[in-house]
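Student: Please find query.cif (mmCIF, C-alpha atoms) on the next line:
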data_work
#
loop_
_atom_site.label_atom_id
_atom_site.label_comp_id
_atom_site.auth_asym_id
_atom_site.auth_seq_id
_atom_site.Cartn_x
_atom_site.Cartn_y
_atom_site.Cartn_z
CA MET A 25 0.00 0.00 0.00
CA GLU A 26 1.95 3.04 -1.22
CA GLY A 27 -0.09 6.21 -0.95
CA SER A 28 -3.83 6.39 -0.83
CA GLY A 29 -4.11 5.69 -4.56
CA SER A 30 -3.23 2.04 -4.05
CA ILE A 31 -5.46 1.26 -1.05
CA SER A 32 -7.91 -1.50 -1.90
CA GLY A 33 -11.53 -0.53 -1.30
CA PHE A 34 -12.19 -3.30 1.18
CA CYS A 35 -9.94 -5.61 3.18
CA PRO A 36 -11.46 -8.12 5.60
CA LEU A 37 -8.35 -8.17 7.82
CA TYR A 38 -8.37 -4.37 8.15
CA HIS A 39 -12.11 -4.49 8.84
CA ARG A 40 -11.61 -7.07 11.60
CA ALA A 41 -8.73 -5.07 13.11
CA ILE A 42 -10.74 -1.85 13.18
CA GLU A 43 -13.59 -3.74 14.86
CA ILE A 44 -11.25 -5.02 17.60
CA ILE A 45 -9.41 -1.77 18.25
CA GLY A 46 -12.44 0.47 17.77
CA ARG A 47 -14.61 -1.25 20.37
CA ARG A 48 -15.59 1.30 23.02
CA TRP A 49 -12.77 1.69 25.63
CA THR A 50 -10.47 -0.81 23.95
CA GLY A 51 -8.24 1.83 22.38
CA ALA A 52 -7.88 3.60 25.72
CA ILE A 53 -7.12 0.35 27.58
CA VAL A 54 -4.43 -0.65 25.08
CA ARG A 55 -2.90 2.82 25.45
CA ALA A 56 -2.86 2.52 29.26
CA LEU A 57 -1.11 -0.86 28.97
CA LEU A 58 1.42 0.56 26.50
CA ALA A 59 2.11 3.35 28.98
CA GLY A 60 3.01 0.78 31.62
CA ASP A 61 -0.13 0.03 33.61
CA THR A 62 -0.34 -3.62 34.64
CA ARG A 63 -2.89 -3.77 37.47
CA PHE A 64 -6.68 -3.65 37.06
CA CYS A 65 -7.06 -0.68 39.40
CA GLN A 66 -4.22 1.20 37.66
CA ILE A 67 -5.88 0.89 34.27
CA ARG A 68 -9.25 1.88 35.70
CA SER A 69 -7.87 5.00 37.31
CA THR A 70 -5.89 5.94 34.18
CA VAL A 71 -8.98 5.90 31.96
CA PRO A 72 -11.63 8.37 33.16
CA GLY A 73 -15.20 7.10 33.03
CA LEU A 74 -14.30 3.42 32.65
CA SER A 75 -16.31 1.16 34.97
CA ASP A 76 -15.08 -2.04 36.62
CA ARG A 77 -17.59 -4.08 34.66
CA LEU A 78 -16.55 -2.74 31.27
CA LEU A 79 -12.83 -2.93 32.02
CA SER A 80 -13.24 -6.54 33.06
CA GLU A 81 -15.23 -7.33 29.90
CA ARG A 82 -12.75 -5.60 27.60
CA LEU A 83 -9.74 -7.29 29.22
CA LYS A 84 -11.39 -10.67 28.69
CA GLU A 85 -12.02 -9.83 25.04
CA LEU A 86 -8.42 -8.66 24.59
CA GLU A 87 -7.20 -11.89 26.17
CA ALA A 88 -9.40 -13.90 23.79
CA GLU A 89 -7.89 -11.94 20.88
CA HIS A 90 -4.34 -12.73 22.14
CA ILE A 91 -3.59 -9.03 22.58
CA VAL A 92 -3.42 -9.14 26.38
CA GLU A 93 -2.02 -11.80 28.67
CA ARG A 94 -3.28 -12.20 32.24
CA ARG A 95 -0.58 -13.26 34.71
CA VAL A 96 -1.34 -14.56 38.16
CA TYR A 97 1.48 -14.47 40.71
CA ALA A 98 1.09 -16.90 43.59
CA ASP A 99 2.60 -14.58 46.18
CA ALA A 100 0.94 -13.53 49.43
CA ALA A 101 -1.35 -11.02 47.73
CA ALA A 102 -2.26 -13.34 44.80
CA ARG A 103 -1.21 -10.55 42.48
CA ILE A 104 -2.77 -10.33 39.02
CA GLU A 105 -1.14 -8.39 36.21
CA TYR A 106 -2.16 -7.63 32.64
CA HIS A 107 0.51 -7.42 29.98
CA LEU A 108 0.43 -6.83 26.26
CA THR A 109 1.54 -9.77 24.16
CA ASP A 110 3.84 -9.15 21.16
CA MET A 111 0.67 -8.76 19.12
CA GLY A 112 -0.55 -6.14 21.59
CA GLU A 113 2.79 -4.30 21.73
CA ALA A 114 2.65 -4.08 17.94
CA LEU A 115 -0.43 -1.86 18.32
CA ALA A 116 1.91 0.93 19.48
CA ALA A 117 2.25 1.98 15.82
CA VAL A 118 -1.54 2.24 15.49
CA VAL A 119 -1.89 4.18 18.75
CA GLN A 120 0.86 6.51 17.58
CA SER A 121 -0.71 7.15 14.15
CA VAL A 122 -4.11 7.85 15.73
CA SER A 123 -2.44 10.21 18.25
CA VAL A 124 -0.60 12.09 15.51
CA TRP A 125 -3.85 12.55 13.54
CA ALA A 126 -5.74 13.57 16.68
CA GLU A 127 -3.13 16.16 17.68
CA GLU A 128 -3.05 17.59 14.17
CA TRP A 129 -6.81 17.69 13.54
CA LEU A 130 -8.69 17.58 16.83
CA ALA A 131 -6.59 19.86 19.01
CA PRO A 132 -8.13 23.27 19.58
CA LYS A 133 -6.27 25.77 17.41
CA VAL A 134 -4.52 28.39 19.49
CA PRO A 135 -4.82 31.79 17.80
CA VAL A 136 -1.43 33.20 16.81
CA SER A 137 -0.73 36.28 18.92
CA ARG A 138 1.09 39.22 17.38
CA MET B 22 5.80 10.00 21.56
CA GLU B 23 9.03 8.10 20.98
CA GLY B 24 8.60 4.42 21.72
CA SER B 25 5.89 2.96 23.87
CA GLY B 26 7.73 3.96 27.04
CA SER B 27 6.78 7.59 26.57
CA ILE B 28 3.10 7.15 25.70
CA SER B 29 0.94 8.98 28.22
CA GLY B 30 -1.65 6.74 29.85
CA PHE B 31 -4.62 8.76 28.70
CA CYS B 32 -5.07 11.43 26.06
CA PRO B 33 -8.54 12.92 25.45
CA LEU B 34 -7.73 13.77 21.82
CA TYR B 35 -6.64 10.20 21.09
CA HIS B 36 -9.74 8.93 22.88
CA ARG B 37 -11.99 11.16 20.76
CA ALA B 38 -10.21 10.09 17.55
CA ILE B 39 -10.54 6.40 18.33
CA GLU B 40 -14.25 6.96 19.03
CA ILE B 41 -14.76 8.61 15.65
CA ILE B 42 -12.73 6.15 13.58
CA GLY B 43 -13.79 3.08 15.54
CA ARG B 44 -17.51 3.58 15.11
CA ARG B 45 -18.96 0.54 13.36
CA TRP B 46 -18.47 0.80 9.53
CA THR B 47 -16.68 4.16 9.70
CA GLY B 48 -13.22 2.67 9.20
CA ALA B 49 -14.44 0.73 6.17
CA ILE B 50 -16.19 3.77 4.68
CA VAL B 51 -13.08 5.96 5.07
CA ARG B 52 -11.03 3.23 3.40
CA ALA B 53 -13.48 3.03 0.47
CA LEU B 54 -13.27 6.82 0.04
CA LEU B 55 -9.45 6.70 0.20
CA ALA B 56 -9.54 4.02 -2.51
CA GLY B 57 -11.42 6.40 -4.78
CA ASP B 58 -15.14 5.73 -4.28
CA THR B 59 -17.19 8.92 -4.51
CA ARG B 60 -20.79 7.79 -5.07
CA PHE B 61 -23.15 6.44 -2.43
CA CYS B 62 -23.84 3.24 -4.37
CA GLN B 63 -20.12 2.71 -5.03
CA ILE B 64 -19.27 2.85 -1.33
CA ARG B 65 -22.19 0.58 -0.47
CA SER B 66 -21.12 -2.05 -2.97
CA THR B 67 -17.46 -1.84 -1.90
CA VAL B 68 -18.27 -2.59 1.75
CA PRO B 69 -20.03 -5.95 2.13
CA GLY B 70 -22.91 -6.00 4.61
CA LEU B 71 -23.31 -2.22 4.81
CA SER B 72 -26.95 -1.11 4.56
CA ASP B 73 -28.24 2.07 2.90
CA ARG B 74 -29.49 3.34 6.24
CA LEU B 75 -26.19 2.90 8.07
CA LEU B 76 -24.11 4.26 5.20
CA SER B 77 -26.29 7.34 5.09
CA GLU B 78 -26.01 7.79 8.88
CA ARG B 79 -22.23 7.34 8.91
CA LEU B 80 -21.71 9.74 6.00
CA LYS B 81 -23.72 12.39 7.85
CA GLU B 82 -21.60 11.84 10.97
CA LEU B 83 -18.39 12.06 8.94
CA GLU B 84 -19.65 15.29 7.37
CA ALA B 85 -20.42 16.69 10.82
CA GLU B 86 -16.85 15.76 11.91
CA HIS B 87 -15.43 17.59 8.82
CA ILE B 88 -13.88 14.35 7.54
CA VAL B 89 -16.16 14.02 4.51
CA GLU B 90 -17.51 16.70 2.19
CA ARG B 91 -20.76 16.16 0.27
CA ARG B 92 -20.76 17.77 -3.15
CA VAL B 93 -23.90 18.26 -5.21
CA TYR B 94 -23.46 18.86 -8.94
CA ALA B 95 -26.37 20.60 -10.62
CA ASP B 96 -26.10 18.64 -13.86
CA ALA B 97 -28.94 16.68 -15.49
CA ALA B 98 -28.63 13.76 -13.06
CA ALA B 99 -28.25 16.00 -9.94
CA ARG B 100 -25.10 14.06 -9.15
CA ILE B 101 -23.95 13.75 -5.53
CA GLU B 102 -20.38 12.88 -4.60
CA TYR B 103 -18.63 12.27 -1.30
CA HIS B 104 -15.03 13.34 -0.93
CA LEU B 105 -12.58 13.25 1.93
CA THR B 106 -11.51 16.65 3.23
CA ASP B 107 -7.82 17.25 4.04
CA MET B 108 -8.63 16.03 7.56
CA GLY B 109 -10.11 12.87 6.07
CA GLU B 110 -7.22 12.31 3.65
CA ALA B 111 -4.87 12.52 6.63
CA LEU B 112 -6.51 9.35 7.97
CA ALA B 113 -4.60 7.42 5.26
CA ALA B 114 -1.73 7.03 7.75
CA VAL B 115 -4.09 5.52 10.33
CA VAL B 116 -5.69 3.17 7.78
CA GLN B 117 -2.21 2.12 6.68
CA SER B 118 -0.95 1.40 10.22
CA VAL B 119 -4.08 -0.63 11.02
CA SER B 120 -3.65 -2.56 7.75
CA VAL B 121 0.00 -3.31 8.48
CA TRP B 122 -0.89 -4.62 11.95
CA ALA B 123 -3.82 -6.64 10.56
CA GLU B 124 -1.71 -8.24 7.85
CA GLU B 125 1.02 -9.09 10.34
CA TRP B 126 -1.19 -10.42 13.14
CA LEU B 127 -4.60 -11.38 11.78
CA ALA B 128 -3.69 -13.04 8.49
CA PRO B 129 -3.95 -16.84 8.58
CA LYS B 130 -0.43 -18.24 8.85
CA VAL B 131 0.47 -20.36 5.85
CA PRO B 132 2.42 -23.42 7.00
CA VAL B 133 5.94 -23.49 5.60
CA SER B 134 6.19 -26.38 3.17
CA ARG B 135 9.43 -28.36 2.96
#
Here is a file; write its structure as structure tokens.
Tutor:
Amino acid sequence: MEGSGSISGFCPLYHRAIEIIGRRWTGAIVRALLAGDTRFCQIRSTVPGLSDRLLSERLKELEAEHIVERRVYADAAARIEYHLTDMGEALAAVVQSVSVWAEEWLAPKVPVSR
Amino acid sequence: MEGSGSISGFCPLYHRAIEIIGRRWTGAIVRALLAGDTRFCQIRSTVPGLSDRLLSERLKELEAEHIVERRVYADAAARIEYHLTDMGEALAAVVQSVSVWAEEWLAPKVPVSR
């Protein structure tokens, strides 16, 4: 795919990917994990407005998609951590391209002062 | 944002962008427009499973977001075309990064023959 002229009109893999990443809250959860959050309560407090129920649901979906791995540590606190798999880490490029577009096109334009 | 280590945990602009692009069918419609479709019926036939009602709804949303421009030509057929704005064309980078990830991670792996 070089330049928009050679993009095919429809691609089932792209369509599937956009469905996974675009699911409500999923993009924000992946970003929180990329930024270094590993605990349930960390992710929840990083993403404003995200409920326990939805975070739990989304993490299960991301596990089923092999994007997130749930690790249970058998120490005193029975610690649970969520980590991105290689497949999940590879989403960094997508998160970055969305962020670049968002900063360019959605940021409020500051008027140039003289 | 250089490398995943420096991604902030939450960014409202990114969150808003992912909400716009991730809405069901929107990613596929933007891709069809990037590939050169301009007519309603062209887009509908490029994207399998997309209904008239949902295409019409999504195009109106994309117009409201300034991603798509609706052009009416006052010729005999009262032709209507949909074009990406500069903001919409800039989504090519996002579509490309999602496609690269999808091809790498969602494509069925062909077993290596000996």
Student: In Å to one decimal, how far is atom CA of Phe31 of chain B from atom CA of Leu130 of chain A?
Tutor: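 Here the two named atoms are 15.3 Å from each other.
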Student: Give the residues of chain A that lie within 7 Å of chain B; count only C-alpha atoms, and format the answer as a PyMOL selection string.
Tutor: chain A and resi 28-34+37-39+41-43+46-47+51-52+55-56+58-59+70-71+111+114-118+121-123+125-127+129-131
Student: Please give chain A as a PDB file with C-alpha atoms, in the frame of the given file, after it has been superposed on chain B by least squares over all Cα atoms paired in order.
Tutor:
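Wrote selection.pdb, looks like this:
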ATOM      1  CA  MET A  25       5.814  10.105  21.645  1.00  0.00           C
ATOM      2  CA  GLU A  26       8.999   8.112  20.998  1.00  0.00           C
ATOM      3  CA  GLY A  27       8.500   4.425  21.661  1.00  0.00           C
ATOM      4  CA  SER A  28       5.860   2.947  23.870  1.00  0.00           C
ATOM      5  CA  GLY A  29       7.734   3.980  27.017  1.00  0.00           C
ATOM      6  CA  SER A  30       6.767   7.611  26.530  1.00  0.00           C
ATOM      7  CA  ILE A  31       3.066   7.178  25.692  1.00  0.00           C
ATOM      8  CA  SER A  32       0.912   9.003  28.216  1.00  0.00           C
ATOM      9  CA  GLY A  33      -1.667   6.771  29.880  1.00  0.00           C
ATOM     10  CA  PHE A  34      -4.633   8.798  28.717  1.00  0.00           C
ATOM     11  CA  CYS A  35      -5.096  11.467  26.060  1.00  0.00           C
ATOM     12  CA  PRO A  36      -8.539  12.962  25.445  1.00  0.00           C
ATOM     13  CA  LEU A  37      -7.748  13.800  21.801  1.00  0.00           C
ATOM     14  CA  TYR A  38      -6.646  10.220  21.085  1.00  0.00           C
ATOM     15  CA  HIS A  39      -9.744   8.947  22.890  1.00  0.00           C
ATOM     16  CA  ARG A  40     -12.003  11.163  20.766  1.00  0.00           C
ATOM     17  CA  ALA A  41     -10.220  10.108  17.559  1.00  0.00           C
ATOM     18  CA  ILE A  42     -10.556   6.411  18.352  1.00  0.00           C
ATOM     19  CA  GLU A  43     -14.259   6.964  19.059  1.00  0.00           C
ATOM     20  CA  ILE A  44     -14.760   8.612  15.645  1.00  0.00           C
ATOM     21  CA  ILE A  45     -12.740   6.146  13.594  1.00  0.00           C
ATOM     22  CA  GLY A  46     -13.793   3.077  15.569  1.00  0.00           C
ATOM     23  CA  ARG A  47     -17.529   3.589  15.120  1.00  0.00           C
ATOM     24  CA  ARG A  48     -18.976   0.540  13.361  1.00  0.00           C
ATOM     25  CA  TRP A  49     -18.478   0.819   9.541  1.00  0.00           C
ATOM     26  CA  THR A  50     -16.688   4.154   9.724  1.00  0.00           C
ATOM     27  CA  GLY A  51     -13.228   2.675   9.223  1.00  0.00           C
ATOM     28  CA  ALA A  52     -14.433   0.726   6.195  1.00  0.00           C
ATOM     29  CA  ILE A  53     -16.183   3.770   4.689  1.00  0.00           C
ATOM     30  CA  VAL A  54     -13.089   5.953   5.077  1.00  0.00           C
ATOM     31  CA  ARG A  55     -11.036   3.210   3.407  1.00  0.00           C
ATOM     32  CA  ALA A  56     -13.477   3.014   0.473  1.00  0.00           C
ATOM     33  CA  LEU A  57     -13.242   6.798   0.031  1.00  0.00           C
ATOM     34  CA  LEU A  58      -9.437   6.672   0.193  1.00  0.00           C
ATOM     35  CA  ALA A  59      -9.521   4.000  -2.502  1.00  0.00           C
ATOM     36  CA  GLY A  60     -11.420   6.360  -4.783  1.00  0.00           C
ATOM     37  CA  ASP A  61     -15.123   5.714  -4.278  1.00  0.00           C
ATOM     38  CA  THR A  62     -17.179   8.901  -4.490  1.00  0.00           C
ATOM     39  CA  ARG A  63     -20.780   7.794  -5.076  1.00  0.00           C
ATOM     40  CA  PHE A  64     -23.147   6.422  -2.419  1.00  0.00           C
ATOM     41  CA  CYS A  65     -23.834   3.230  -4.363  1.00  0.00           C
ATOM     42  CA  GLN A  66     -20.104   2.690  -5.016  1.00  0.00           C
ATOM     43  CA  ILE A  67     -19.275   2.839  -1.324  1.00  0.00           C
ATOM     44  CA  ARG A  68     -22.187   0.568  -0.459  1.00  0.00           C
ATOM     45  CA  SER A  69     -21.131  -2.060  -2.951  1.00  0.00           C
ATOM     46  CA  THR A  70     -17.470  -1.846  -1.877  1.00  0.00           C
ATOM     47  CA  VAL A  71     -18.278  -2.594   1.765  1.00  0.00           C
ATOM     48  CA  PRO A  72     -20.026  -5.961   2.175  1.00  0.00           C
ATOM     49  CA  GLY A  73     -22.896  -6.001   4.652  1.00  0.00           C
ATOM     50  CA  LEU A  74     -23.308  -2.221   4.846  1.00  0.00           C
ATOM     51  CA  SER A  75     -26.946  -1.115   4.582  1.00  0.00           C
ATOM     52  CA  ASP A  76     -28.218   2.073   2.940  1.00  0.00           C
ATOM     53  CA  ARG A  77     -29.476   3.351   6.270  1.00  0.00           C
ATOM     54  CA  LEU A  78     -26.175   2.902   8.079  1.00  0.00           C
ATOM     55  CA  LEU A  79     -24.092   4.270   5.211  1.00  0.00           C
ATOM     56  CA  SER A  80     -26.281   7.349   5.111  1.00  0.00           C
ATOM     57  CA  GLU A  81     -25.993   7.800   8.891  1.00  0.00           C
ATOM     58  CA  ARG A  82     -22.221   7.347   8.914  1.00  0.00           C
ATOM     59  CA  LEU A  83     -21.699   9.752   6.001  1.00  0.00           C
ATOM     60  CA  LYS A  84     -23.705  12.389   7.857  1.00  0.00           C
ATOM     61  CA  GLU A  85     -21.591  11.860  10.968  1.00  0.00           C
ATOM     62  CA  LEU A  86     -18.374  12.077   8.933  1.00  0.00           C
ATOM     63  CA  GLU A  87     -19.621  15.298   7.355  1.00  0.00           C
ATOM     64  CA  ALA A  88     -20.389  16.710  10.814  1.00  0.00           C
ATOM     65  CA  GLU A  89     -16.840  15.785  11.883  1.00  0.00           C
ATOM     66  CA  HIS A  90     -15.402  17.587   8.801  1.00  0.00           C
ATOM     67  CA  ILE A  91     -13.861  14.352   7.533  1.00  0.00           C
ATOM     68  CA  VAL A  92     -16.138  14.025   4.502  1.00  0.00           C
ATOM     69  CA  GLU A  93     -17.500  16.687   2.192  1.00  0.00           C
ATOM     70  CA  ARG A  94     -20.740  16.164   0.263  1.00  0.00           C
ATOM     71  CA  ARG A  95     -20.744  17.767  -3.193  1.00  0.00           C
ATOM     72  CA  VAL A  96     -23.871  18.268  -5.228  1.00  0.00           C
ATOM     73  CA  TYR A  97     -23.440  18.834  -8.964  1.00  0.00           C
ATOM     74  CA  ALA A  98     -26.346  20.587 -10.647  1.00  0.00           C
ATOM     75  CA  ASP A  99     -26.085  18.621 -13.878  1.00  0.00           C
ATOM     76  CA  ALA A 100     -28.903  16.653 -15.491  1.00  0.00           C
ATOM     77  CA  ALA A 101     -28.585  13.746 -13.066  1.00  0.00           C
ATOM     78  CA  ALA A 102     -28.213  15.963  -9.945  1.00  0.00           C
ATOM     79  CA  ARG A 103     -25.066  14.032  -9.150  1.00  0.00           C
ATOM     80  CA  ILE A 104     -23.938  13.732  -5.532  1.00  0.00           C
ATOM     81  CA  GLU A 105     -20.374  12.855  -4.613  1.00  0.00           C
ATOM     82  CA  TYR A 106     -18.612  12.254  -1.312  1.00  0.00           C
ATOM     83  CA  HIS A 107     -15.011  13.325  -0.939  1.00  0.00           C
ATOM     84  CA  LEU A 108     -12.554  13.227   1.914  1.00  0.00           C
ATOM     85  CA  THR A 109     -11.493  16.613   3.216  1.00  0.00           C
ATOM     86  CA  ASP A 110      -7.799  17.219   4.030  1.00  0.00           C
ATOM     87  CA  MET A 111      -8.626  16.021   7.529  1.00  0.00           C
ATOM     88  CA  GLY A 112     -10.105  12.846   6.050  1.00  0.00           C
ATOM     89  CA  GLU A 113      -7.204  12.275   3.637  1.00  0.00           C
ATOM     90  CA  ALA A 114      -4.875  12.509   6.629  1.00  0.00           C
ATOM     91  CA  LEU A 115      -6.503   9.331   7.972  1.00  0.00           C
ATOM     92  CA  ALA A 116      -4.608   7.400   5.273  1.00  0.00           C
ATOM     93  CA  ALA A 117      -1.733   7.012   7.762  1.00  0.00           C
ATOM     94  CA  VAL A 118      -4.101   5.500  10.340  1.00  0.00           C
ATOM     95  CA  VAL A 119      -5.696   3.157   7.793  1.00  0.00           C
ATOM     96  CA  GLN A 120      -2.226   2.095   6.699  1.00  0.00           C
ATOM     97  CA  SER A 121      -0.979   1.397  10.248  1.00  0.00           C
ATOM     98  CA  VAL A 122      -4.106  -0.634  11.051  1.00  0.00           C
ATOM     99  CA  SER A 123      -3.675  -2.573   7.770  1.00  0.00           C
ATOM    100  CA  VAL A 124      -0.028  -3.330   8.512  1.00  0.00           C
ATOM    101  CA  TRP A 125      -0.929  -4.630  11.998  1.00  0.00           C
ATOM    102  CA  ALA A 126      -3.852  -6.636  10.616  1.00  0.00           C
ATOM    103  CA  GLU A 127      -1.737  -8.267   7.898  1.00  0.00           C
ATOM    104  CA  GLU A 128       0.995  -9.118  10.386  1.00  0.00           C
ATOM    105  CA  TRP A 129      -1.222 -10.432  13.197  1.00  0.00           C
ATOM    106  CA  LEU A 130      -4.624 -11.403  11.833  1.00  0.00           C
ATOM    107  CA  ALA A 131      -3.707 -13.075   8.558  1.00  0.00           C
ATOM    108  CA  PRO A 132      -3.958 -16.850   8.649  1.00  0.00           C
ATOM    109  CA  LYS A 133      -0.434 -18.250   8.860  1.00  0.00           C
ATOM    110  CA  VAL A 134       0.416 -20.346   5.838  1.00  0.00           C
ATOM    111  CA  PRO A 135       2.436 -23.393   6.908  1.00  0.00           C
ATOM    112  CA  VAL A 136       5.923 -23.401   5.391  1.00  0.00           C
ATOM    113  CA  SER A 137       6.177 -26.292   2.940  1.00  0.00           C
ATOM    114  CA  ARG A 138       9.434 -28.196   2.634  1.00  0.00           C
TER     115      ARG A 138
END
Student: What is the atom CA of Arg60 of chain B to atom CA of Arg91 of chain B distance in Å?
Tutor: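 Atom CA of Arg91 of chain B lies at a distance of 9.9 Å from atom CA of Arg60 of chain B.
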Student: Could you list the residues chosen by the PyMOL selection byres ((chain A and resi 92) around 6) in this structure as a PyMOL selection string?
Tutor: chain A and resi 86-87+90-91+93+107-109
Student: Could you state the separation of atom CA of Ala85 of chain B and atom CA of Cys62 of chain B in Å, given to one decimal place?
Tutor: 20.6 Å
Student: Quick one: axis-aligned box around all listed atoms of segment 88-96 of chain B, 3 Å on every side, centre and edge lengths in Å to one decimal, written as JSON.
Tutor:
{"center_x": -20.1, "center_y": 17.3, "center_z": -3.2, "size_x": 18.5, "size_y": 12.6, "size_z": 27.4}
Student: I want to know what sits within 9 Å of Arg68 of chain A, based on all atoms listed in the file, with residues of the same chain fewer than 6 positions away left out; could you give that as a PyMOL selection string?
Tutor: chain A and resi 53+74-76+79
